[in-house]
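Containing compact mmCIF, N, CA and C atoms: model.txt.
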# COMPACT_ATOMS: atom_id res chain seq x y z
N MET X 281 -44.77 28.83 71.03
CA MET X 281 -44.17 27.64 70.55
C MET X 281 -45.22 26.66 70.06
N ALA X 282 -46.34 26.74 70.58
CA ALA X 282 -47.41 25.84 70.18
C ALA X 282 -47.87 26.16 68.77
N SER X 283 -47.72 27.43 68.33
CA SER X 283 -48.17 27.80 67.00
C SER X 283 -47.28 27.21 65.90
N THR X 284 -46.04 26.93 66.19
CA THR X 284 -45.17 26.36 65.17
C THR X 284 -45.47 24.90 64.92
N PHE X 285 -46.04 24.22 65.89
CA PHE X 285 -46.35 22.80 65.72
C PHE X 285 -47.80 22.55 65.36
N SER X 286 -48.54 23.60 65.20
CA SER X 286 -49.96 23.40 64.90
C SER X 286 -50.12 23.03 63.44
N THR X 287 -51.10 22.23 63.18
CA THR X 287 -51.39 21.83 61.80
C THR X 287 -52.54 22.65 61.30
N SER X 288 -52.33 23.27 60.21
CA SER X 288 -53.41 24.07 59.64
C SER X 288 -53.89 23.42 58.36
N THR X 289 -55.10 23.59 58.03
CA THR X 289 -55.67 22.97 56.84
C THR X 289 -55.38 23.79 55.60
N SER X 290 -54.88 25.01 55.75
CA SER X 290 -54.61 25.85 54.58
C SER X 290 -53.26 25.58 53.95
N SER X 291 -52.33 24.89 54.64
CA SER X 291 -51.03 24.60 54.03
C SER X 291 -51.19 23.49 53.00
N THR X 292 -50.48 23.65 51.89
CA THR X 292 -50.60 22.66 50.81
C THR X 292 -49.25 21.98 50.62
N THR X 293 -49.29 20.72 50.31
CA THR X 293 -48.09 19.95 50.02
C THR X 293 -48.02 19.78 48.51
N PRO X 294 -46.85 19.39 47.98
CA PRO X 294 -46.77 19.20 46.53
C PRO X 294 -47.74 18.16 46.01
N SER X 295 -48.06 17.18 46.85
CA SER X 295 -48.99 16.16 46.38
C SER X 295 -50.41 16.70 46.26
N ASP X 296 -50.71 17.80 46.97
CA ASP X 296 -52.04 18.40 46.87
C ASP X 296 -52.18 19.25 45.62
N THR X 297 -51.10 19.89 45.16
CA THR X 297 -51.19 20.80 44.02
C THR X 297 -50.98 20.12 42.68
N PHE X 298 -50.33 18.97 42.65
CA PHE X 298 -50.05 18.26 41.41
C PHE X 298 -50.83 16.95 41.36
N SER X 299 -51.15 16.53 40.16
CA SER X 299 -51.72 15.19 40.00
C SER X 299 -50.57 14.18 40.17
N ALA X 300 -50.90 12.91 40.20
CA ALA X 300 -49.89 11.88 40.42
C ALA X 300 -48.84 11.88 39.32
N SER X 301 -49.25 12.01 38.06
CA SER X 301 -48.28 11.99 36.96
C SER X 301 -47.43 13.26 36.96
N LYS X 302 -48.04 14.40 37.27
CA LYS X 302 -47.26 15.66 37.32
C LYS X 302 -46.26 15.61 38.47
N LEU X 303 -46.67 15.06 39.60
CA LEU X 303 -45.76 14.95 40.74
C LEU X 303 -44.60 14.02 40.39
N ASN X 304 -44.89 12.93 39.71
CA ASN X 304 -43.85 11.99 39.29
C ASN X 304 -42.88 12.67 38.34
N GLN X 305 -43.40 13.45 37.37
CA GLN X 305 -42.53 14.18 36.44
C GLN X 305 -41.69 15.20 37.18
N GLN X 306 -42.28 15.87 38.14
CA GLN X 306 -41.55 16.89 38.90
C GLN X 306 -40.42 16.25 39.71
N THR X 307 -40.68 15.13 40.35
CA THR X 307 -39.63 14.50 41.15
C THR X 307 -38.56 13.89 40.24
N MET X 308 -38.96 13.37 39.07
CA MET X 308 -37.96 12.84 38.13
C MET X 308 -37.04 13.95 37.65
N LEU X 309 -37.62 15.13 37.37
CA LEU X 309 -36.80 16.26 36.92
C LEU X 309 -35.85 16.70 38.02
N SER X 310 -36.32 16.76 39.25
CA SER X 310 -35.42 17.17 40.33
C SER X 310 -34.34 16.12 40.57
N ASP X 311 -34.67 14.83 40.41
CA ASP X 311 -33.65 13.78 40.53
C ASP X 311 -32.61 13.91 39.43
N LEU X 312 -33.07 14.20 38.23
CA LEU X 312 -32.16 14.36 37.10
C LEU X 312 -31.23 15.55 37.30
N MET X 313 -31.75 16.63 37.81
CA MET X 313 -30.93 17.82 38.02
C MET X 313 -29.89 17.58 39.11
N GLN X 314 -30.12 16.63 39.99
CA GLN X 314 -29.15 16.34 41.04
C GLN X 314 -28.01 15.48 40.53
N GLN X 315 -28.16 14.88 39.38
CA GLN X 315 -27.11 14.03 38.82
C GLN X 315 -26.16 14.88 37.99
N LYS X 316 -25.21 15.50 38.63
CA LYS X 316 -24.29 16.41 37.93
C LYS X 316 -23.43 15.69 36.91
N GLY X 317 -23.03 14.47 37.22
CA GLY X 317 -22.23 13.70 36.27
C GLY X 317 -22.99 13.43 34.98
N LEU X 318 -24.27 13.14 35.11
CA LEU X 318 -25.11 12.89 33.94
C LEU X 318 -25.25 14.15 33.09
N LEU X 319 -25.43 15.28 33.75
CA LEU X 319 -25.54 16.54 33.01
C LEU X 319 -24.24 16.91 32.32
N ILE X 320 -23.12 16.68 32.99
CA ILE X 320 -21.82 16.97 32.38
C ILE X 320 -21.60 16.04 31.19
N GLY X 321 -21.94 14.76 31.35
CA GLY X 321 -21.81 13.81 30.25
C GLY X 321 -22.68 14.21 29.06
N LEU X 322 -23.89 14.65 29.34
CA LEU X 322 -24.79 15.10 28.27
C LEU X 322 -24.20 16.31 27.54
N GLY X 323 -23.59 17.21 28.29
CA GLY X 323 -22.94 18.38 27.68
C GLY X 323 -21.76 17.98 26.81
N VAL X 324 -20.98 17.01 27.26
CA VAL X 324 -19.83 16.53 26.48
C VAL X 324 -20.30 15.88 25.19
N VAL X 325 -21.37 15.08 25.27
CA VAL X 325 -21.90 14.43 24.07
C VAL X 325 -22.41 15.46 23.07
N MET X 326 -23.09 16.47 23.57
CA MET X 326 -23.60 17.52 22.67
C MET X 326 -22.45 18.28 22.02
N CYS X 327 -21.40 18.56 22.77
CA CYS X 327 -20.23 19.24 22.20
C CYS X 327 -19.54 18.36 21.16
N ALA X 328 -19.47 17.06 21.41
CA ALA X 328 -18.86 16.14 20.45
C ALA X 328 -19.65 16.12 19.16
N PHE X 329 -20.98 16.14 19.25
CA PHE X 329 -21.80 16.18 18.03
C PHE X 329 -21.54 17.45 17.24
N VAL X 330 -21.39 18.56 17.93
CA VAL X 330 -21.15 19.83 17.24
C VAL X 330 -19.77 19.85 16.60
N LEU X 331 -18.76 19.38 17.33
CA LEU X 331 -17.39 19.44 16.83
C LEU X 331 -17.10 18.43 15.72
N PHE X 332 -17.72 17.25 15.79
CA PHE X 332 -17.40 16.20 14.84
C PHE X 332 -18.47 16.00 13.77
N ARG X 333 -19.29 16.99 13.55
CA ARG X 333 -20.30 16.85 12.49
C ARG X 333 -19.58 16.84 11.14
N PRO X 334 -20.17 16.15 10.17
CA PRO X 334 -19.50 16.04 8.87
C PRO X 334 -19.37 17.41 8.19
N ARG X 335 -18.23 17.62 7.64
CA ARG X 335 -17.98 18.86 6.90
C ARG X 335 -17.96 18.54 5.41
N SER X 336 -18.07 19.58 4.62
CA SER X 336 -18.05 19.40 3.17
C SER X 336 -16.68 18.89 2.74
N ALA X 337 -16.69 17.92 1.86
CA ALA X 337 -15.45 17.39 1.32
C ALA X 337 -14.84 18.40 0.36
N PRO X 338 -13.51 18.37 0.16
CA PRO X 338 -12.89 19.34 -0.74
C PRO X 338 -13.41 19.22 -2.16
N GLU X 339 -13.75 17.99 -2.60
CA GLU X 339 -14.27 17.85 -3.96
C GLU X 339 -15.66 18.48 -4.10
N GLU X 340 -16.45 18.46 -3.01
CA GLU X 340 -17.74 19.15 -3.05
C GLU X 340 -17.55 20.65 -3.18
N LYS X 341 -16.62 21.18 -2.41
CA LYS X 341 -16.36 22.61 -2.47
C LYS X 341 -15.87 23.01 -3.86
N ALA X 342 -14.99 22.19 -4.44
CA ALA X 342 -14.47 22.50 -5.78
C ALA X 342 -15.58 22.42 -6.81
N ALA X 343 -16.48 21.47 -6.68
CA ALA X 343 -17.59 21.35 -7.63
C ALA X 343 -18.52 22.56 -7.51
N ARG X 344 -18.79 22.99 -6.30
CA ARG X 344 -19.63 24.19 -6.12
C ARG X 344 -18.95 25.41 -6.72
N ARG X 345 -17.65 25.53 -6.47
CA ARG X 345 -16.90 26.67 -7.02
C ARG X 345 -16.91 26.64 -8.55
N LEU X 346 -16.77 25.44 -9.13
CA LEU X 346 -16.79 25.30 -10.59
C LEU X 346 -18.13 25.72 -11.15
N VAL X 347 -19.22 25.27 -10.53
CA VAL X 347 -20.56 25.64 -11.02
C VAL X 347 -20.79 27.13 -10.87
N ARG X 348 -20.34 27.69 -9.75
CA ARG X 348 -20.53 29.12 -9.52
C ARG X 348 -19.72 29.97 -10.50
N ASN X 349 -18.49 29.53 -10.79
CA ASN X 349 -17.62 30.33 -11.64
C ASN X 349 -17.83 30.08 -13.13
N ILE X 350 -18.56 29.06 -13.49
CA ILE X 350 -18.74 28.74 -14.91
C ILE X 350 -19.53 29.85 -15.63
N ARG X 351 -20.28 30.60 -14.87
CA ARG X 351 -21.07 31.69 -15.47
C ARG X 351 -20.19 32.82 -15.99
N ARG X 352 -19.00 32.96 -15.42
CA ARG X 352 -18.12 34.07 -15.81
C ARG X 352 -17.17 33.71 -16.94
N VAL X 353 -17.30 32.53 -17.51
CA VAL X 353 -16.38 32.08 -18.56
C VAL X 353 -16.76 32.74 -19.88
N ASP X 354 -15.75 33.36 -20.51
CA ASP X 354 -15.99 34.04 -21.78
C ASP X 354 -15.29 33.37 -22.95
N ASP X 355 -14.13 32.81 -22.73
CA ASP X 355 -13.39 32.21 -23.84
C ASP X 355 -12.71 30.91 -23.40
N ALA X 356 -11.99 30.29 -24.32
CA ALA X 356 -11.38 28.98 -24.07
C ALA X 356 -10.30 29.04 -22.99
N ASP X 357 -9.57 30.15 -22.91
CA ASP X 357 -8.53 30.27 -21.88
C ASP X 357 -9.14 30.27 -20.48
N ASP X 358 -10.27 30.95 -20.35
CA ASP X 358 -10.94 30.96 -19.05
C ASP X 358 -11.45 29.57 -18.68
N VAL X 359 -11.95 28.82 -19.65
CA VAL X 359 -12.41 27.46 -19.40
C VAL X 359 -11.24 26.59 -18.96
N ARG X 360 -10.11 26.71 -19.65
CA ARG X 360 -8.93 25.92 -19.31
C ARG X 360 -8.46 26.24 -17.89
N ASP X 361 -8.41 27.51 -17.55
CA ASP X 361 -7.99 27.91 -16.21
C ASP X 361 -8.96 27.38 -15.14
N LEU X 362 -10.24 27.51 -15.42
CA LEU X 362 -11.25 27.08 -14.46
C LEU X 362 -11.21 25.57 -14.24
N LEU X 363 -11.11 24.82 -15.31
CA LEU X 363 -11.04 23.37 -15.18
C LEU X 363 -9.71 22.94 -14.55
N GLY X 364 -8.64 23.63 -14.87
CA GLY X 364 -7.34 23.31 -14.28
C GLY X 364 -7.32 23.51 -12.78
N GLU X 365 -8.08 24.47 -12.29
CA GLU X 365 -8.12 24.72 -10.85
C GLU X 365 -9.01 23.72 -10.11
N ASN X 366 -10.14 23.35 -10.71
CA ASN X 366 -11.15 22.58 -9.98
C ASN X 366 -11.23 21.10 -10.34
N LEU X 367 -10.92 20.73 -11.56
CA LEU X 367 -11.09 19.35 -11.98
C LEU X 367 -10.22 18.36 -11.24
N PRO X 368 -8.94 18.65 -10.98
CA PRO X 368 -8.14 17.67 -10.23
C PRO X 368 -8.72 17.36 -8.85
N THR X 369 -9.26 18.34 -8.19
CA THR X 369 -9.84 18.11 -6.87
C THR X 369 -11.10 17.27 -6.96
N ILE X 370 -11.89 17.47 -8.00
CA ILE X 370 -13.14 16.73 -8.16
C ILE X 370 -12.86 15.29 -8.57
N VAL X 371 -11.91 15.08 -9.47
CA VAL X 371 -11.65 13.76 -10.04
C VAL X 371 -10.72 12.92 -9.16
N ARG X 372 -10.03 13.53 -8.23
CA ARG X 372 -9.03 12.84 -7.41
C ARG X 372 -9.57 11.58 -6.72
N PRO X 373 -10.75 11.62 -6.06
CA PRO X 373 -11.23 10.39 -5.41
C PRO X 373 -11.46 9.25 -6.41
N ALA X 374 -11.98 9.55 -7.58
CA ALA X 374 -12.20 8.51 -8.59
C ALA X 374 -10.88 7.94 -9.08
N LEU X 375 -9.90 8.81 -9.27
CA LEU X 375 -8.58 8.34 -9.70
C LEU X 375 -7.91 7.47 -8.64
N LEU X 376 -8.07 7.82 -7.39
CA LEU X 376 -7.50 7.02 -6.30
C LEU X 376 -8.16 5.64 -6.23
N ILE X 377 -9.46 5.58 -6.45
CA ILE X 377 -10.16 4.30 -6.46
C ILE X 377 -9.66 3.44 -7.62
N ALA X 378 -9.53 4.06 -8.79
CA ALA X 378 -9.03 3.32 -9.96
C ALA X 378 -7.60 2.84 -9.73
N LEU X 379 -6.76 3.67 -9.16
CA LEU X 379 -5.38 3.29 -8.87
C LEU X 379 -5.32 2.15 -7.86
N ASN X 380 -6.17 2.19 -6.86
CA ASN X 380 -6.23 1.13 -5.87
C ASN X 380 -6.64 -0.20 -6.52
N GLU X 381 -7.59 -0.16 -7.44
CA GLU X 381 -8.02 -1.37 -8.13
C GLU X 381 -6.91 -1.92 -9.03
N VAL X 382 -6.19 -1.05 -9.73
CA VAL X 382 -5.07 -1.50 -10.56
C VAL X 382 -4.00 -2.14 -9.69
N GLU X 383 -3.71 -1.53 -8.56
CA GLU X 383 -2.71 -2.08 -7.65
C GLU X 383 -3.14 -3.46 -7.13
N ARG X 384 -4.42 -3.61 -6.82
CA ARG X 384 -4.94 -4.90 -6.34
C ARG X 384 -4.82 -5.97 -7.41
N GLN X 385 -5.15 -5.61 -8.66
CA GLN X 385 -5.07 -6.57 -9.76
C GLN X 385 -3.61 -6.99 -10.03
N VAL X 386 -2.69 -6.03 -9.98
CA VAL X 386 -1.27 -6.35 -10.19
C VAL X 386 -0.78 -7.26 -9.08
N HIS X 387 -1.14 -6.97 -7.86
CA HIS X 387 -0.74 -7.81 -6.73
C HIS X 387 -1.30 -9.23 -6.88
N LYS X 388 -2.56 -9.31 -7.30
CA LYS X 388 -3.18 -10.63 -7.52
C LYS X 388 -2.46 -11.39 -8.64
N GLY X 389 -2.10 -10.69 -9.71
CA GLY X 389 -1.37 -11.31 -10.81
C GLY X 389 -0.02 -11.85 -10.37
N PHE X 390 0.72 -11.08 -9.57
CA PHE X 390 2.02 -11.54 -9.07
C PHE X 390 1.87 -12.75 -8.16
N ARG X 391 0.81 -12.76 -7.35
CA ARG X 391 0.60 -13.93 -6.48
C ARG X 391 0.34 -15.19 -7.30
N THR X 392 -0.51 -15.08 -8.31
CA THR X 392 -0.77 -16.26 -9.15
C THR X 392 0.48 -16.67 -9.91
N LEU X 393 1.28 -15.70 -10.37
CA LEU X 393 2.53 -16.01 -11.05
C LEU X 393 3.51 -16.73 -10.13
N GLU X 394 3.59 -16.28 -8.86
CA GLU X 394 4.44 -16.95 -7.89
C GLU X 394 3.99 -18.39 -7.64
N LYS X 395 2.69 -18.60 -7.57
CA LYS X 395 2.17 -19.95 -7.37
C LYS X 395 2.50 -20.85 -8.57
N GLU X 396 2.40 -20.29 -9.76
CA GLU X 396 2.75 -21.06 -10.97
C GLU X 396 4.23 -21.43 -10.99
N ILE X 397 5.08 -20.50 -10.58
CA ILE X 397 6.51 -20.75 -10.54
C ILE X 397 6.83 -21.83 -9.50
N GLU X 398 6.15 -21.78 -8.34
CA GLU X 398 6.38 -22.79 -7.31
C GLU X 398 5.95 -24.18 -7.76
N ARG X 399 4.94 -24.26 -8.60
CA ARG X 399 4.47 -25.57 -9.09
C ARG X 399 5.49 -26.21 -10.05
N LEU X 400 6.27 -25.42 -10.72
CA LEU X 400 7.24 -25.94 -11.69
C LEU X 400 8.39 -26.58 -11.05
Exercise: express the given structure as structure tokens:
Amino acid sequence: MASTFSTSTSSTTPSDTFSASKLNQQTMLSDLMQQKGLLIGLGVVMCAFVLFRPRSAPEEKAARRLVRNIRRVDDADDVRDLLGENLPTIVRPALLIALNEVERQVHKGFRTLEKEIERL
């Protein structure tokens, strides 16, 4: 029983094998690994980044398809078919912006007209 309580000089502690900064890093890592909630949260954030990363817009895909398929065009009918398939998708965002601006201007015009009528 006396041998179990004896102190020997050959046993090493973590502070003997690591420098102060390495020991600090080692204990910080073990503390971090004990925080299961933090690890689960980190996993959820990483999954959210993977799932919600930006995808190619449909107009980008249509533009790529148009550029890729333009090489196979031989006559005017093929050009018409190719543009008919891809151009509406590419031009749609610009048309929606223009339509929104026209709608805003018409609404503004009606408001000023209503104000003029109220003044009379």
Distance query Thr369 (chain X) at most 7 Å, all atoms listed in the file, self and fewer than 6 positions along chain excluded, as a PyMOL selection string: chain X and resi 338-340+342-343
One-decimal distance in Å that lies between atom C of Arg344 (chain X) and CA of Asn366 (chain X):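 Straight-line distance from CA of Asn366 (chain X) to atom C of Arg344 (chain X) works out to 8.9 Å.
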Between CA of Ile370 (chain X) and atom C of Asn349 (chain X) - distance in Å to one decimal: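 Taking atom C of Asn349 (chain X) and CA of Ile370 (chain X), their separation equals 15.0 Å.
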DSSP helix (DSSP H, G or I) selection over chain X, as a PyMOL selection string: chain X and resi 294-297+300-314+316-331+338-352+356-399
Between CA of Ala374 (chain X) and CA of Lys341 (chain X), distance in Å (one decimal):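 Computing the Euclidean distance for CA of Ala374 (chain X) and CA of Lys341 (chain X) yields 15.9 Å.
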